[in-house]
Structures are given as structure tokens and as C-alpha cells.
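Below is work34.csv, which holds CSV, C-alpha atoms.
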chain,number,residue,atom,x,y,z
A,1,MET,CA,-6.5,15.2,-11.1
A,2,GLY,CA,-10.1,16.2,-11.2
A,3,LYS,CA,-11.9,19.5,-11.0
A,4,ARG,CA,-13.3,20.1,-7.6
A,5,SER,CA,-16.9,21.2,-6.9
A,6,ALA,CA,-17.8,24.7,-5.7
A,7,GLY,CA,-17.7,25.1,-1.9
A,8,ASN,CA,-14.9,22.7,-1.3
A,9,GLU,CA,-12.5,24.9,0.6
A,10,GLY,CA,-10.1,22.2,1.8
A,11,TYR,CA,-9.3,20.2,4.9
A,12,TRP,CA,-10.6,21.5,8.2
A,13,ASN,CA,-7.6,23.0,10.2
A,14,ARG,CA,-5.1,21.2,7.9
A,15,PRO,CA,-3.7,23.9,5.6
A,16,ASP,CA,-0.7,21.7,4.6
A,17,GLU,CA,-3.0,18.9,3.4
A,18,THR,CA,-5.2,21.4,1.6
A,19,GLU,CA,-2.2,22.9,-0.2
A,20,ASN,CA,-1.0,19.4,-1.2
A,21,THR,CA,-4.4,18.3,-2.5
A,22,LEU,CA,-6.2,21.4,-3.9
A,23,THR,CA,-4.7,23.7,-6.5
A,24,LYS,CA,-5.4,27.4,-6.8
A,25,GLU,CA,-7.0,26.7,-10.2
A,26,GLY,CA,-9.6,24.5,-8.6
A,27,TRP,CA,-8.1,21.1,-9.4
A,28,LEU,CA,-8.1,18.2,-6.9
A,29,ARG,CA,-5.0,16.0,-6.8
A,30,THR,CA,-6.4,12.6,-6.2
A,31,SER,CA,-3.1,10.7,-6.1
A,32,ASP,CA,-4.8,7.9,-8.0
A,33,ILE,CA,-2.5,6.0,-10.4
A,34,ALA,CA,-4.1,5.0,-13.7
A,35,ILE,CA,-2.9,3.2,-16.8
A,36,MET,CA,-4.2,3.7,-20.3
A,37,GLN,CA,-5.6,0.4,-21.6
A,38,ASP,CA,-5.5,-0.8,-25.2
A,39,ASP,CA,-9.2,0.1,-25.6
A,40,GLY,CA,-8.5,3.8,-24.7
A,41,TYR,CA,-10.0,3.7,-21.3
A,42,ARG,CA,-8.0,4.5,-18.1
A,43,ARG,CA,-8.0,2.0,-15.3
A,44,ILE,CA,-7.1,3.1,-11.8
A,45,VAL,CA,-4.5,0.7,-10.4
A,46,ASP,CA,-3.7,2.2,-7.0
A,47,ARG,CA,-2.9,5.3,-5.0
A,48,LYS,CA,0.5,7.0,-5.2
A,49,LYS,CA,1.0,7.0,-1.4
A,50,ASP,CA,0.5,3.2,-1.4
A,51,THR,CA,3.0,2.4,-4.1
A,52,ILE,CA,5.9,0.2,-3.0
A,53,ILE,CA,9.3,0.9,-4.4
A,54,VAL,CA,11.5,-2.2,-4.8
A,55,SER,CA,15.0,-1.6,-6.1
A,56,GLY,CA,13.7,1.4,-8.0
A,57,PHE,CA,10.7,-0.4,-9.5
A,58,LYS,CA,7.1,0.6,-8.7
A,59,VAL,CA,5.0,-2.2,-7.2
A,60,TYR,CA,1.2,-1.6,-6.9
A,61,PRO,CA,-0.3,-3.2,-3.8
A,62,SER,CA,-3.6,-3.9,-5.6
A,63,GLU,CA,-1.8,-6.2,-8.1
A,64,LEU,CA,-0.3,-8.3,-5.3
A,65,GLU,CA,-3.6,-8.4,-3.5
A,66,ASP,CA,-5.4,-9.5,-6.7
A,67,ILE,CA,-3.0,-12.4,-7.1
A,68,LEU,CA,-3.7,-13.7,-3.6
A,69,VAL,CA,-7.5,-13.3,-3.7
A,70,ARG,CA,-7.8,-14.8,-7.2
A,71,GLN,CA,-5.5,-17.8,-6.7
A,72,LEU,CA,-5.8,-18.7,-3.0
A,73,ASP,CA,-8.7,-19.2,-0.6
A,74,ILE,CA,-8.2,-15.7,0.9
A,75,GLU,CA,-11.2,-13.5,1.6
A,76,GLN,CA,-9.4,-10.2,2.1
A,77,CYS,CA,-5.8,-9.0,2.1
A,78,ALA,CA,-3.7,-5.9,1.9
A,79,ALA,CA,-0.1,-5.3,0.7
A,80,ILE,CA,2.1,-2.6,2.3
A,81,GLY,CA,5.7,-1.7,1.9
A,82,ILE,CA,7.9,-2.1,5.0
A,83,PRO,CA,11.8,-2.2,4.9
A,84,CYS,CA,12.6,-5.6,6.1
A,85,ARG,CA,14.9,-8.7,5.7
A,86,GLU,CA,12.4,-11.4,6.7
A,87,THR,CA,11.0,-14.0,4.3
A,88,GLY,CA,7.7,-15.7,4.0
A,89,ASP,CA,6.5,-19.1,2.7
A,90,ILE,CA,3.8,-17.7,0.4
A,91,ARG,CA,6.5,-16.1,-1.7
A,92,LYS,CA,6.7,-19.3,-3.8
A,93,HIS,CA,3.1,-18.7,-4.9
A,94,PHE,CA,3.9,-15.1,-6.0
A,95,ARG,CA,6.9,-16.3,-8.1
A,96,GLU,CA,4.4,-18.3,-10.2
A,97,TYR,CA,2.1,-15.3,-11.0
A,98,ALA,CA,4.2,-12.1,-10.5
A,99,VAL,CA,7.3,-10.5,-11.8
A,100,GLY,CA,10.3,-11.3,-9.5
A,101,TYR,CA,10.9,-7.9,-7.9
A,102,THR,CA,7.2,-7.7,-6.9
A,103,VAL,CA,7.4,-10.8,-4.7
A,104,PRO,CA,6.8,-9.8,-1.1
A,105,LYS,CA,9.7,-10.4,1.3
A,106,VAL,CA,7.3,-10.8,4.3
A,107,VAL,CA,3.8,-12.1,4.5
A,108,VAL,CA,1.8,-11.6,7.7
A,109,PHE,CA,-1.5,-13.2,8.4
A,110,ARG,CA,-4.1,-11.4,10.6
A,111,ASP,CA,-7.5,-12.4,11.8
A,112,SER,CA,-8.9,-9.1,10.6
A,113,LEU,CA,-7.9,-6.0,8.7
A,114,PRO,CA,-8.6,-2.4,9.6
A,115,LEU,CA,-11.3,-1.0,7.4
A,116,SER,CA,-12.7,2.5,6.7
A,117,ASN,CA,-16.4,3.4,7.0
A,118,VAL,CA,-16.9,2.3,3.4
A,119,GLY,CA,-15.1,-1.0,3.8
A,120,LYS,CA,-11.7,-0.1,2.2
A,121,VAL,CA,-8.6,-1.6,3.8
A,122,LEU,CA,-6.7,1.1,5.7
A,123,ARG,CA,-3.1,0.3,4.5
A,124,ARG,CA,-1.6,3.3,6.4
A,125,VAL,CA,-2.9,1.7,9.7
A,126,LEU,CA,-1.3,-1.6,8.7
A,127,ARG,CA,1.9,0.2,7.7
A,128,ASN,CA,2.1,2.2,10.9
A,129,ASP,CA,1.4,-0.9,13.0
A,130,GLU,CA,4.1,-2.9,11.3
A,131,LEU,CA,6.6,-0.1,11.5
A,132,ALA,CA,5.9,0.3,15.2
A,133,ARG,CA,6.3,-3.5,15.7
A,134,LEU,CA,9.7,-3.4,13.8
A,135,ALA,CA,10.9,-0.5,15.9
A,136,MET,CA,10.0,-2.3,19.1
A,137,LYS,CA,11.7,-5.5,17.9
A,138,SER,CA,14.8,-3.5,16.9
A,139,GLU,CA,14.9,-1.9,20.4
A,140,LEU,CA,14.6,-5.4,22.1
A,141,VAL,CA,17.1,-7.1,19.8
A,142,GLY,CA,19.7,-4.3,19.5
A,143,PRO,CA,21.5,-3.0,16.4
A,144,ASN,CA,24.1,-5.8,16.2
A,145,ASN,CA,21.9,-8.7,16.9
A,146,THR,CA,19.3,-10.4,14.7
A,147,ASP,CA,16.2,-12.2,15.7
A,148,ASP,CA,14.8,-14.4,12.9
A,149,ALA,CA,11.7,-15.4,14.8
A,150,ALA,CA,8.8,-13.3,13.5
Written form, C-alpha cells:
Amino acid sequence: MGKRSAGNEGYWNRPDETENTLTKEGWLRTSDIAIMQDDGYRRIVDRKKDTIIVSGFKVYPSELEDILVRQLDIEQCAAIGIPCRETGDIRKHFREYAVGYTVPKVVVFRDSLPLSNVGKVLRRVLRNDELARLAMKSELVGPNNTDDAA
């Protein structure tokens, strides 16, 4: 949380978002998740809404993204949480560098990623696109059939 500046009255025509983000005491809920480092500094690791829950454990997308960018010849990536049973080949790489429950179940490659005006990956757009794709696939396959082709 941080103290908001004077004049910030909230989101335009979105009272629900304003109520969830700004407190009556003038604090701004950033939804940033930070850890306290050994040297006493805090390091922001991700945003609360982007946290992926796997069997009750919290997985921060930025940690998975860092593993790919640092270890492989990947220029840009984004990790999102989607309920799914599919598997991907790159999971073997994650097992070498990440804790078991953080290993992605699915890896999707795209030619480009949706970006904000300041160049940040828009994970919510990716998540919505993937959920829509899964819903459409579910409708085509039906509840009792499976289609392993992804």
C-alpha cells in the first residue's frame, strides 16, 4: 500500500474499482507482492491478481518468466494461470531450475505478446484469450470427449 496524492479521486465511472483500490484514509492498494530481502530492502516480485495458485501454493509468474528469459534464447514471455490438463515439452527445462509445483502444465508460443502503452505484457489479455480458446474447444469437443491436439 502507498499513500495516494491529493486530487486522486478514483477511477472514472468505476466506483467498484475505486472502492477496491483507494481507502477512505487515503491509501492506495497497489496489489504489488513484495518480499523482504536479507539486506532489509523489499523487492516487488509480482502483482496479486497475476499470482497462480497450484495445489494451494503461490506461484509468481515473474519467477517463471525469469527462468525462460535467463536460460533460453527467448526475448519476451508471459506466464498466466489457466485450469488445464495439457502438457508441454519445455517443462523439462523448468524442472531443472524451478520447484516442482511451479512447473507449467502448458507452454504456448506466440509470435507476439499484447503490450501496454509502456511496454508491459498484458497478462489479463493473454489469460482471457486462452480461457476463451479453452471454452470454444470445450464446446467443440463436448464434456465427455477429450481432444489432446492443442
Write out as a VMD selection string which residues come within 10 Å of stretch 123-127 of chain A when counting all atoms listed in the file, dropping same-chain ones fewer than 2 positions away.
chain A and resid 49 to 50 61 77 to 82 113 to 115 120 to 121 129 to 133
Using only C-alpha atoms, find each residue of stretch 9-69 of chain A with at least one atom at most 12 Å away from an atom of stretch 90-112 of chain A; report its shortest atom-to-atom pair and that distance in Å (one decimal), sort the rows by chain and rising residue number, and return the result as CSV.
residue,atom,partner,partner_atom,distance
A:Thr51,CA,A:Thr102,CA,11.3
A:Ile52,CA,A:Thr102,CA,8.9
A:Ile53,CA,A:Thr102,CA,9.2
A:Val54,CA,A:Tyr101,CA,6.5
A:Ser55,CA,A:Tyr101,CA,7.7
A:Gly56,CA,A:Tyr101,CA,9.7
A:Phe57,CA,A:Tyr101,CA,7.7
A:Lys58,CA,A:Thr102,CA,8.5
A:Val59,CA,A:Thr102,CA,5.9
A:Tyr60,CA,A:Thr102,CA,8.6
A:Pro61,CA,A:Thr102,CA,9.3
A:Ser62,CA,A:Thr102,CA,11.5
A:Glu63,CA,A:Ala98,CA,8.8
A:Leu64,CA,A:Thr102,CA,7.7
A:Glu65,CA,A:Phe94,CA,10.4
A:Asp66,CA,A:Tyr97,CA,10.4
A:Ile67,CA,A:Tyr97,CA,7.0
A:Leu68,CA,A:Phe94,CA,8.1
A:Val69,CA,A:Phe94,CA,11.8
As a check of understanding: the span from atom CA of A:Arg29 to atom CA of A:Arg14 is 15.6 Å
Which residues are near A:Tyr11? Cut-off 12 Å, only C-alpha atoms, ignore same chain within fewer than 4 positions. Put them as a count of residues only.
9
Please define a box with edges along x, y and z of the file around all atoms of stretch 60-65 of chain A given in the file, extend it by 6 Å on each side, and return its centre and edge lengths in Å to one decimal, as JSON.
{"center_x": -1.2, "center_y": -5.0, "center_z": -5.8, "size_x": 16.8, "size_y": 18.8, "size_z": 16.6}
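Here atom CA of A:Arg42 stands at a distance of 28.0 Å from atom CA of A:Glu9.
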